[in-house]
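Step one of this worksheet: look at the structure below.
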Amino acid sequence: QVTLVESGGGLVQPGGSLRLSCAAPGTTFSIYMLGWYRQAPGKQRELVATITSSGRTNYNESVKGRFTISRDGAKNTVYLQMNSLKPEDTAVYYCNAEYYAGLSWGQGTQVTVSS
């Protein structure tokens, strides 16, 4: 089981930026895919962005051009740089890891975009 620890959420004004981080401390093997999902109140959880161990990325259409996912492979750490934030980006953001034995989720971090 991979434990994921997220950080970086908070309150930001529309047009602002935030950077989320997610680490997998103590993991000694390479994680195939790391990603970010989000869930807004009353809505289903949706994919935000993913990145494979080879660096291939995938983004939700609604965040393309505004969000950038990256990873530090040696540390099994993934980042989500979020720019030009909109009120509709408000949600709990969850880190996700896909590896040889299955899937793991982080505890979630709240992102609120409001003036």
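In the structure tokens, the first chain shown is A, the next is B, and so on; residue numbers restart at 1 for each chain, and ligands run from 1 in the order shown.
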Exercise for the section: Find the residues around segment 69-86 of chain A up to 10 Å (only C-alpha atoms counted), leave out those fewer than 2 positions away in its own chain, and share them as a ChimeraX atom specification. Expected result: /A:4-8,12-36,48-59,63,65-67,88-90,95-97,111-114
Practice task
May I have the residues within 7 Å of Arg38 of chain A as a ChimeraX atom specification, using only C-alpha atoms and disregarding those fewer than 6 positions away in the same chain?
Solution key: /A:45-48,91-94
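Closest approach to Val2 of chain A among A:Gly42, A:Gly108, A:Pro87, A:Gly102 is made by A:Gly102 (distances from only C-alpha atoms).
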Practice task
List every residue of chain A that DSSP, applied to the backbone, labels as strand (DSSP E or B), and write the result as a PyMOL selection string.
Solution key: chain A and resi 5-7+10-12+18-23+33-39+46-52+57-59+67-72+77-82+91-99+102-105+109-113
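Between atom CA of Leu11 of chain A and atom CA of Lys43 of chain A the interatomic distance comes to 20.0 Å.
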Practice task
Would you work out the distance separating atom CA of Gln1 of chain A from atom CA of Ala40 of chain A, expressed in Å to one decimal?
Solution key: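 Separation between atom CA of Gln1 of chain A and atom CA of Ala40 of chain A: 26.5 Å.
Straight-line separation from atom CA of Glu61 of chain A to atom CA of Thr109 of chain A: 21.5 Å.
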